[in-house]
>>> print(open('target21.txt').read())   # compact mmCIF, N, CA and C atoms
# COMPACT_ATOMS: atom_id res chain seq x y z
N MET G 18 -1.49 -18.98 -0.34
CA MET G 18 -2.02 -17.96 0.54
C MET G 18 -1.03 -17.66 1.66
N ASN G 19 -0.44 -18.69 2.21
CA ASN G 19 0.52 -18.50 3.29
C ASN G 19 1.74 -17.73 2.78
N ALA G 20 2.18 -18.05 1.57
CA ALA G 20 3.34 -17.36 1.01
C ALA G 20 3.04 -15.87 0.80
N ALA G 21 1.84 -15.56 0.35
CA ALA G 21 1.47 -14.16 0.13
C ALA G 21 1.41 -13.40 1.45
N ALA G 22 0.87 -14.02 2.48
CA ALA G 22 0.79 -13.36 3.79
C ALA G 22 2.19 -13.15 4.36
N ARG G 23 3.07 -14.15 4.21
CA ARG G 23 4.44 -14.00 4.70
C ARG G 23 5.18 -12.91 3.93
N TRP G 24 4.96 -12.85 2.60
CA TRP G 24 5.63 -11.84 1.81
C TRP G 24 5.19 -10.44 2.25
N LEU G 25 3.90 -10.27 2.47
CA LEU G 25 3.41 -8.96 2.92
C LEU G 25 3.94 -8.62 4.31
N THR G 26 4.00 -9.60 5.19
CA THR G 26 4.44 -9.34 6.55
C THR G 26 5.94 -9.09 6.62
N PHE G 27 6.71 -10.05 6.15
CA PHE G 27 8.15 -9.96 6.28
C PHE G 27 8.78 -9.07 5.21
N GLY G 28 8.13 -8.91 4.08
CA GLY G 28 8.67 -8.07 3.01
C GLY G 28 8.64 -6.59 3.34
N LEU G 29 7.76 -6.20 4.25
CA LEU G 29 7.67 -4.78 4.59
C LEU G 29 8.55 -4.39 5.77
N PHE G 30 9.23 -5.35 6.39
CA PHE G 30 10.15 -5.02 7.49
C PHE G 30 11.25 -4.05 7.06
N PRO G 31 11.91 -4.28 5.91
CA PRO G 31 12.95 -3.32 5.50
C PRO G 31 12.39 -1.92 5.22
N VAL G 32 11.18 -1.86 4.69
CA VAL G 32 10.56 -0.55 4.43
C VAL G 32 10.34 0.18 5.74
N GLY G 33 9.84 -0.53 6.74
CA GLY G 33 9.63 0.09 8.05
C GLY G 33 10.94 0.51 8.70
N ALA G 34 11.97 -0.30 8.51
CA ALA G 34 13.28 0.06 9.08
C ALA G 34 13.83 1.31 8.42
N LEU G 35 13.70 1.41 7.11
CA LEU G 35 14.18 2.62 6.42
C LEU G 35 13.37 3.85 6.82
N ARG G 36 12.08 3.66 6.98
CA ARG G 36 11.23 4.79 7.39
C ARG G 36 11.61 5.25 8.79
N GLY G 37 11.82 4.31 9.70
CA GLY G 37 12.22 4.66 11.06
C GLY G 37 13.59 5.32 11.08
N GLU G 38 14.48 4.87 10.19
CA GLU G 38 15.81 5.47 10.10
C GLU G 38 15.73 6.92 9.61
N SER G 39 14.86 7.16 8.63
CA SER G 39 14.79 8.50 8.06
C SER G 39 13.99 9.47 8.94
N LEU G 40 12.98 8.98 9.64
CA LEU G 40 12.15 9.87 10.46
C LEU G 40 12.72 10.10 11.85
N GLY G 41 13.37 9.11 12.39
CA GLY G 41 13.85 9.20 13.76
C GLY G 41 13.00 8.32 14.66
N LEU G 42 13.41 8.24 15.92
CA LEU G 42 12.73 7.32 16.83
C LEU G 42 11.38 7.83 17.33
N ARG G 43 11.20 9.10 17.47
CA ARG G 43 9.92 9.60 18.00
C ARG G 43 8.80 9.61 16.97
N PRO G 44 8.99 10.10 15.76
CA PRO G 44 7.87 10.12 14.80
C PRO G 44 7.52 8.75 14.21
N ALA G 45 8.44 7.79 14.22
CA ALA G 45 8.17 6.50 13.60
C ALA G 45 6.98 5.77 14.24
N PRO G 46 6.87 5.68 15.57
CA PRO G 46 5.66 5.05 16.14
C PRO G 46 4.37 5.81 15.83
N ALA G 47 4.47 7.14 15.74
CA ALA G 47 3.27 7.92 15.41
C ALA G 47 2.80 7.61 14.00
N VAL G 48 3.72 7.46 13.06
CA VAL G 48 3.35 7.11 11.69
C VAL G 48 2.77 5.70 11.65
N THR G 49 3.32 4.79 12.44
CA THR G 49 2.80 3.42 12.50
C THR G 49 1.38 3.41 13.06
N ILE G 50 1.14 4.13 14.13
CA ILE G 50 -0.19 4.18 14.72
C ILE G 50 -1.18 4.82 13.75
N LEU G 51 -0.76 5.85 13.05
CA LEU G 51 -1.62 6.49 12.06
C LEU G 51 -1.98 5.52 10.94
N GLY G 52 -0.99 4.76 10.47
CA GLY G 52 -1.25 3.78 9.42
C GLY G 52 -2.17 2.67 9.88
N LEU G 53 -2.00 2.22 11.12
CA LEU G 53 -2.86 1.15 11.64
C LEU G 53 -4.30 1.61 11.85
N THR G 54 -4.51 2.87 12.13
CA THR G 54 -5.88 3.35 12.32
C THR G 54 -6.54 3.74 11.00
N LEU G 55 -5.75 4.12 10.00
CA LEU G 55 -6.35 4.50 8.73
C LEU G 55 -6.87 3.30 7.93
N GLY G 56 -6.29 2.12 8.15
CA GLY G 56 -6.76 0.93 7.44
C GLY G 56 -8.21 0.61 7.75
N PRO G 57 -8.57 0.44 9.01
CA PRO G 57 -9.99 0.18 9.32
C PRO G 57 -10.91 1.34 8.94
N VAL G 58 -10.44 2.56 9.04
CA VAL G 58 -11.28 3.71 8.64
C VAL G 58 -11.56 3.65 7.15
N ALA G 59 -10.55 3.31 6.36
CA ALA G 59 -10.75 3.20 4.91
C ALA G 59 -11.75 2.09 4.59
N LEU G 60 -11.67 0.97 5.29
CA LEU G 60 -12.64 -0.09 5.07
C LEU G 60 -14.05 0.32 5.51
N TRP G 61 -14.14 1.06 6.58
CA TRP G 61 -15.45 1.50 7.08
C TRP G 61 -16.12 2.45 6.08
N LEU G 62 -15.34 3.27 5.41
CA LEU G 62 -15.90 4.23 4.47
C LEU G 62 -16.07 3.66 3.07
N SER G 63 -15.58 2.47 2.80
CA SER G 63 -15.63 1.89 1.46
C SER G 63 -16.98 1.20 1.23
N PRO G 64 -17.28 0.88 -0.02
CA PRO G 64 -18.53 0.18 -0.32
C PRO G 64 -18.55 -1.27 0.16
N ILE G 65 -17.43 -1.79 0.63
CA ILE G 65 -17.40 -3.16 1.12
C ILE G 65 -18.36 -3.33 2.29
N ARG G 66 -18.48 -2.29 3.10
CA ARG G 66 -19.34 -2.36 4.29
C ARG G 66 -20.80 -2.58 3.91
N HIS G 67 -21.21 -2.11 2.73
CA HIS G 67 -22.61 -2.21 2.32
C HIS G 67 -22.88 -3.44 1.46
N GLY G 68 -21.88 -4.29 1.30
CA GLY G 68 -22.08 -5.50 0.51
C GLY G 68 -23.05 -6.45 1.18
N ARG G 69 -23.76 -7.22 0.38
CA ARG G 69 -24.70 -8.15 0.98
C ARG G 69 -24.05 -9.52 1.14
N ARG G 70 -24.62 -10.30 2.01
CA ARG G 70 -24.07 -11.62 2.31
C ARG G 70 -24.61 -12.64 1.31
N LEU G 71 -23.80 -13.63 1.04
CA LEU G 71 -24.23 -14.72 0.17
C LEU G 71 -25.17 -15.64 0.94
N PRO G 72 -26.18 -16.19 0.28
CA PRO G 72 -27.09 -17.08 0.99
C PRO G 72 -26.39 -18.39 1.34
N ILE G 73 -26.77 -18.94 2.47
CA ILE G 73 -26.22 -20.21 2.92
C ILE G 73 -27.15 -21.31 2.46
N THR G 74 -26.59 -22.29 1.78
CA THR G 74 -27.44 -23.38 1.30
C THR G 74 -27.80 -24.30 2.45
N GLY G 75 -29.03 -24.73 2.47
CA GLY G 75 -29.49 -25.63 3.53
C GLY G 75 -29.08 -27.06 3.24
N GLU G 76 -29.24 -27.91 4.21
CA GLU G 76 -28.87 -29.31 4.04
C GLU G 76 -29.77 -30.01 3.04
N ALA G 77 -31.01 -29.57 2.91
CA ALA G 77 -31.94 -30.21 1.99
C ALA G 77 -31.53 -29.99 0.54
N GLU G 78 -30.85 -28.91 0.25
CA GLU G 78 -30.47 -28.60 -1.11
C GLU G 78 -29.15 -29.25 -1.53
N MET G 79 -28.42 -29.80 -0.59
CA MET G 79 -27.13 -30.39 -0.91
C MET G 79 -27.33 -31.76 -1.57
N PRO G 80 -26.49 -32.12 -2.53
CA PRO G 80 -26.66 -33.41 -3.21
C PRO G 80 -26.37 -34.57 -2.25
N VAL G 81 -27.10 -35.64 -2.46
CA VAL G 81 -26.93 -36.83 -1.63
C VAL G 81 -25.89 -37.72 -2.28
N THR G 82 -24.90 -38.12 -1.53
CA THR G 82 -23.89 -39.02 -2.07
C THR G 82 -24.02 -40.37 -1.41
N ARG G 83 -23.75 -41.40 -2.16
CA ARG G 83 -23.84 -42.75 -1.62
C ARG G 83 -22.44 -43.22 -1.25
N PRO G 84 -22.33 -43.92 -0.15
CA PRO G 84 -21.00 -44.43 0.24
C PRO G 84 -20.51 -45.47 -0.75
N ARG G 85 -19.21 -45.48 -0.95
CA ARG G 85 -18.62 -46.48 -1.85
C ARG G 85 -18.62 -47.84 -1.16
N SER G 86 -18.86 -48.90 -1.96
CA SER G 86 -18.87 -50.22 -1.34
C SER G 86 -17.57 -50.96 -1.56
>>> encode(input="target21.txt", output="structure tokens")
Amino acid sequence: MNAAARWLTFGLFPVGALRGESLGLRPAPAVTILGLTLGPVALWLSPIRHGRRLPITGEAEMPVTRPRS
């Protein structure tokens, strides 16, 4: 999991650098801000928001284990 998160984080640095190089210094932050705001909007409009929660098992339903002697 950590490797995947690092790959997504650090792997996109060159893409952002190339985008900033091609767009220029002024539009690059605007594109970044637009991308950062569209992510939560996409999640808000997706069916994930209407998903139901999994039930939490109570302590009474958990199996009883005996300590090793």
>>> atom_distance(input="target21.txt", atom1="atom C of G:Ala45", atom2="atom C of G:Ser63")
27.6 Å
>>> closest_residue(input="target21.txt", among="G:Pro84, G:Arg69, G:Gly33, G:Glu38", to="G:Gly52", atoms="only C-alpha atoms")
G:Gly33
>>> axis_aligned_box(input="target21.txt", around="stretch 53-67 of chain G", padding_each_side="8 Å", output="lines of an AutoDock Vina configuration file")
center_x = -12.4
center_y = 0.5
center_z = 6.0
size_x = 36.9
size_y = 23.9
size_z = 28.6
>>> atom_distance(input="target21.txt", atom1="atom CA of G:Leu60", atom2="atom C of G:Phe30")
24.3 Å
>>> atom_distance(input="target21.txt", atom1="atom CA of G:Pro31", atom2="atom CA of G:Val58")
25.4 Å
>>> decode(input="target21.txt", residues="stretch 48-66 of chain G", atoms="N, CA and C atoms", output="PDB file, in the first residue's frame")
ATOM      1  N   VAL G  48      -4.733  25.190 -13.375  1.00  0.00           N
ATOM      2  CA  VAL G  48      -5.057  23.814 -13.746  1.00  0.00           C
ATOM      3  C   VAL G  48      -4.965  22.908 -12.526  1.00  0.00           C
ATOM      4  N   THR G  49      -3.985  23.146 -11.663  1.00  0.00           N
ATOM      5  CA  THR G  49      -3.837  22.359 -10.441  1.00  0.00           C
ATOM      6  C   THR G  49      -5.038  22.555  -9.521  1.00  0.00           C
ATOM      7  N   ILE G  50      -5.449  23.784  -9.326  1.00  0.00           N
ATOM      8  CA  ILE G  50      -6.601  24.070  -8.471  1.00  0.00           C
ATOM      9  C   ILE G  50      -7.864  23.452  -9.053  1.00  0.00           C
ATOM     10  N   LEU G  51      -8.021  23.523 -10.353  1.00  0.00           N
ATOM     11  CA  LEU G  51      -9.182  22.921 -11.011  1.00  0.00           C
ATOM     12  C   LEU G  51      -9.187  21.411 -10.803  1.00  0.00           C
ATOM     13  N   GLY G  52      -8.021  20.783 -10.949  1.00  0.00           N
ATOM     14  CA  GLY G  52      -7.937  19.337 -10.738  1.00  0.00           C
ATOM     15  C   GLY G  52      -8.221  18.941  -9.303  1.00  0.00           C
ATOM     16  N   LEU G  53      -7.737  19.741  -8.351  1.00  0.00           N
ATOM     17  CA  LEU G  53      -7.971  19.428  -6.940  1.00  0.00           C
ATOM     18  C   LEU G  53      -9.430  19.608  -6.541  1.00  0.00           C
ATOM     19  N   THR G  54     -10.145  20.487  -7.189  1.00  0.00           N
ATOM     20  CA  THR G  54     -11.558  20.671  -6.849  1.00  0.00           C
ATOM     21  C   THR G  54     -12.458  19.695  -7.590  1.00  0.00           C
ATOM     22  N   LEU G  55     -12.033  19.223  -8.755  1.00  0.00           N
ATOM     23  CA  LEU G  55     -12.880  18.289  -9.494  1.00  0.00           C
ATOM     24  C   LEU G  55     -12.893  16.887  -8.879  1.00  0.00           C
ATOM     25  N   GLY G  56     -11.834  16.517  -8.160  1.00  0.00           N
ATOM     26  CA  GLY G  56     -11.806  15.200  -7.521  1.00  0.00           C
ATOM     27  C   GLY G  56     -12.921  15.021  -6.504  1.00  0.00           C
ATOM     28  N   PRO G  57     -13.031  15.904  -5.514  1.00  0.00           N
ATOM     29  CA  PRO G  57     -14.143  15.770  -4.563  1.00  0.00           C
ATOM     30  C   PRO G  57     -15.518  15.937  -5.209  1.00  0.00           C
ATOM     31  N   VAL G  58     -15.630  16.766  -6.225  1.00  0.00           N
ATOM     32  CA  VAL G  58     -16.927  16.931  -6.905  1.00  0.00           C
ATOM     33  C   VAL G  58     -17.315  15.629  -7.593  1.00  0.00           C
ATOM     34  N   ALA G  59     -16.347  14.967  -8.219  1.00  0.00           N
ATOM     35  CA  ALA G  59     -16.633  13.690  -8.874  1.00  0.00           C
ATOM     36  C   ALA G  59     -17.068  12.643  -7.855  1.00  0.00           C
ATOM     37  N   LEU G  60     -16.430  12.616  -6.696  1.00  0.00           N
ATOM     38  CA  LEU G  60     -16.851  11.685  -5.655  1.00  0.00           C
ATOM     39  C   LEU G  60     -18.235  12.027  -5.111  1.00  0.00           C
ATOM     40  N   TRP G  61     -18.530  13.296  -4.987  1.00  0.00           N
ATOM     41  CA  TRP G  61     -19.833  13.726  -4.475  1.00  0.00           C
ATOM     42  C   TRP G  61     -20.959  13.309  -5.423  1.00  0.00           C
ATOM     43  N   LEU G  62     -20.702  13.349  -6.716  1.00  0.00           N
ATOM     44  CA  LEU G  62     -21.724  13.005  -7.692  1.00  0.00           C
ATOM     45  C   LEU G  62     -21.774  11.518  -8.016  1.00  0.00           C
ATOM     46  N   SER G  63     -20.841  10.736  -7.525  1.00  0.00           N
ATOM     47  CA  SER G  63     -20.781   9.310  -7.850  1.00  0.00           C
ATOM     48  C   SER G  63     -21.702   8.508  -6.926  1.00  0.00           C
ATOM     49  N   PRO G  64     -21.957   7.258  -7.276  1.00  0.00           N
ATOM     50  CA  PRO G  64     -22.798   6.417  -6.425  1.00  0.00           C
ATOM     51  C   PRO G  64     -22.124   6.007  -5.117  1.00  0.00           C
ATOM     52  N   ILE G  65     -20.853   6.295  -4.953  1.00  0.00           N
ATOM     53  CA  ILE G  65     -20.164   5.951  -3.712  1.00  0.00           C
ATOM     54  C   ILE G  65     -20.816   6.652  -2.526  1.00  0.00           C
ATOM     55  N   ARG G  66     -21.296   7.860  -2.755  1.00  0.00           N
ATOM     56  CA  ARG G  66     -21.903   8.644  -1.671  1.00  0.00           C
ATOM     57  C   ARG G  66     -23.149   7.965  -1.123  1.00  0.00           C
TER      58      ARG G  66
END
